[in-house]
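S.K.: I have a structure I would like to understand better, so I am pasting it below and will then ask my questions one at a time.
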Amino acid sequence: MTTTERPPLPAQRPAPRQLPWWRFGLSGKLLLLTVLFLMFAEIAIYVPSIANFRLNWLRDRLASAHTAALVLDAAPSGMVPEGLTRQILDSVGARAVAMKTGTQRRLLAARDMPPAVDHDVDIRTMTSWQAISEAFALLTSGPGIMRVVGPAPAGGQFLEVVLDETPLRVAMLRFSANILLLSLVISAITAALVYLALHYLFVRPMRRITANLMAFHEDPESPTRIIAPSARRDEMGLAERELAALQRDLVSMLHQKNRLAALGLAVSKINHDLRNLLASAQLISDQLAGVSDARVQRFAPKLVRTLERAVAYCQSTLSYGRAQEAPPQRRLIAVDAVVREVREQLEIASHGEETAPPQVTWVNVIERGLMVDADPDHLFRILLNLARNARQALEALDHTDALPRQIRVTGRREGAVTIIELSDTGPGVPDKARAHLFEAFQGSARSGGTGLGLAIAAELVRAHDGEIRLVEGTIGATFRVAIPDRPVELRAARERAKA
Ligand SMILES: Nc1ncnc2c1ncn2[C@@H]1O[C@H](COP(=O)(O)OP(=O)(O)O)[C@@H](O)[C@H]1O
Ligand SMILES: [Mg+2]
């Protein structure tokens, strides 16, 4: 009992239904990225603003110091009581205030002068880069004593204040903490909004498509698994509609394939039984040939031959349905040896036909020593199919015609390709056969033909990466087979050369 093979089911691979918990899904990644980008933006804003905060703070101090300087300057020297000076300086937050007017630099007030000044800051010549780096230096290192020099309004040349850095640092830290808090709030709100938007616009439909793909993969023949596209008009909607169309096509194609496979199975069953019936008929007709009646003698051989052909027909159809051609075992072989074998095979087959076939001459035009990189058995079958067709075409010619009956085989190399052409002087391929020449069961224009010969030849040639075609514009029919050499695997060739 033979069966045609059902088309192989798509490979079943275990589909992960859910992402493992430690892997971020699309939405998690988006959320993380949003927060990261926002933080980055906040840092870009924070750096200049902290420097600016420090500068403003210092300018404030300078302004207050200026007011204090004016007050102290206005009073005659020594007239301001010690306690008041201290109070004024405390309110400014300064340890000392000095002003330069004209050529003299005057210390206006000082309270227990510090031993040394740690940092000198001149607001008049400060660059942005300096402002930023000094701000961060203060934040990261401990506070000390600083001298700030700024422009003095109203006649003064400059104003100097000696300050403790601690209050400035505390203010800057508070400012930073506020900014950090604000950034966190802003990024949380923005990230949530971005996340929600992306989730509804993008992630959710994506999940729907993914789930549908997985469900479809499980049962690609079921039309109920086809995705129902939403009414969206953006790319996502387009993707859904295209997916639905693709799935519909696939479902109907699979249905058709299944039906064809079932049909093929039925045909092969019929064929199988038919072949057995024909074989019994053959046995009976063989006995008929032994009957001495003259009329029986006339018809019996024809009957036997017809039955033989019918059996061969069934046989070839059956073996085509069953055969999975093995991949070619390629090696270098001599072309003329294969051609000789084909010729011998054909001549053996033509023996025993009682009407002597008209003489067919063979012409070999094969380059001396021509080799081809092919499977010898496959090449034999390719050429045998072509030669058999040629001979059948020649035999179909009118027997009384004195036309030359010739089969001509030429072989040559073109670069890395071996070309073999088989031509005959027959009537040429009829138009009816040309349309589906290399398609199984469709190319035959001959009564009793299966239309398998050229289909099989083409399949075998293709397995060699080669090409077979009918050459146009010749007397009779010419088929051209081109078989390229296998590409040389460089490394293997080198190793072989080394060994
Ligand atoms: N050399 C040829 N000359 C004329 N017709 C040909 C030749 N080779 C093939 N054909 C046509 O192509 C058809 C298909 O050939 P093939 O696939 O071998 O099937 P089959 O021989 O079973 O009919 C043939 O029926 C015939 O009509
Ligand atoms: Mg044939």
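Order determines the names: the first chain of the structure tokens is A, the second B, and so forth; residues in each chain are numbered 1 upward, and ligands are numbered 1 upward as they are shown.
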Around ligand 2, out to 12 Å and counting only C-alpha atoms and all ligand atoms, which residues are there? I want them as a PyMOL selection string.
M.R.: chain A and resi 313+316+381-393+429+433+437-438+440-457
S.K.: Output as a ChimeraX atom specification all residues of region 349-485 of chain A that backbone DSSP marks as strand (DSSP E or B).
M.R.: /A:361-366,371-374,406-414,417-424,467-471,478-484
S.K.: Determine the nearest neighbour of ligand 1 from the options A:Ile366, A:Leu70, A:Ala482, A:Leu422, counting only C-alpha atoms and all ligand atoms.
M.R.: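 Among the listed residues, the smallest separation from ligand 1 belongs to A:Leu422.
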S.K.: Looking at only C-alpha atoms, which of A:Val363, A:Leu33, A:Ala171, A:Ile483 is the one that sits closest to Arg462 (chain A)?
M.R.: A:Ile483
S.K.: For a test of reading the model, state the distance in Å between CA of Asp273 (chain A) and CA of Gln256 (chain A), rounded to one decimal.
M.R.: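 Atom-to-atom, CA of Asp273 (chain A) to CA of Gln256 (chain A), that is 25.9 Å.
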S.K.: Name all residues at most 9 Å from Leu332 (chain A) (count only C-alpha atoms; drop same-chain ones fewer than 5 positions away) and give them as a list in words.
M.R.: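 Contacts, with the query itself left out: Met371, Val372, Asp373, Ala374, Asp375 and Pro376 of chain A.
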S.K.: For CA of His436 (chain A) and CA of Val471 (chain A), determine how far apart the two atoms are, in Å to one decimal place.
M.R.: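 Going from CA of His436 (chain A) over to CA of Val471 (chain A), I get 15.2 Å.
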S.K.: With only C-alpha atoms and all ligand atoms as the basis for distance, which of A:Gly25, A:Pro220, A:Gly426, A:Pro301 is at the shortest distance from ligand 1?
M.R.: A:Gly426
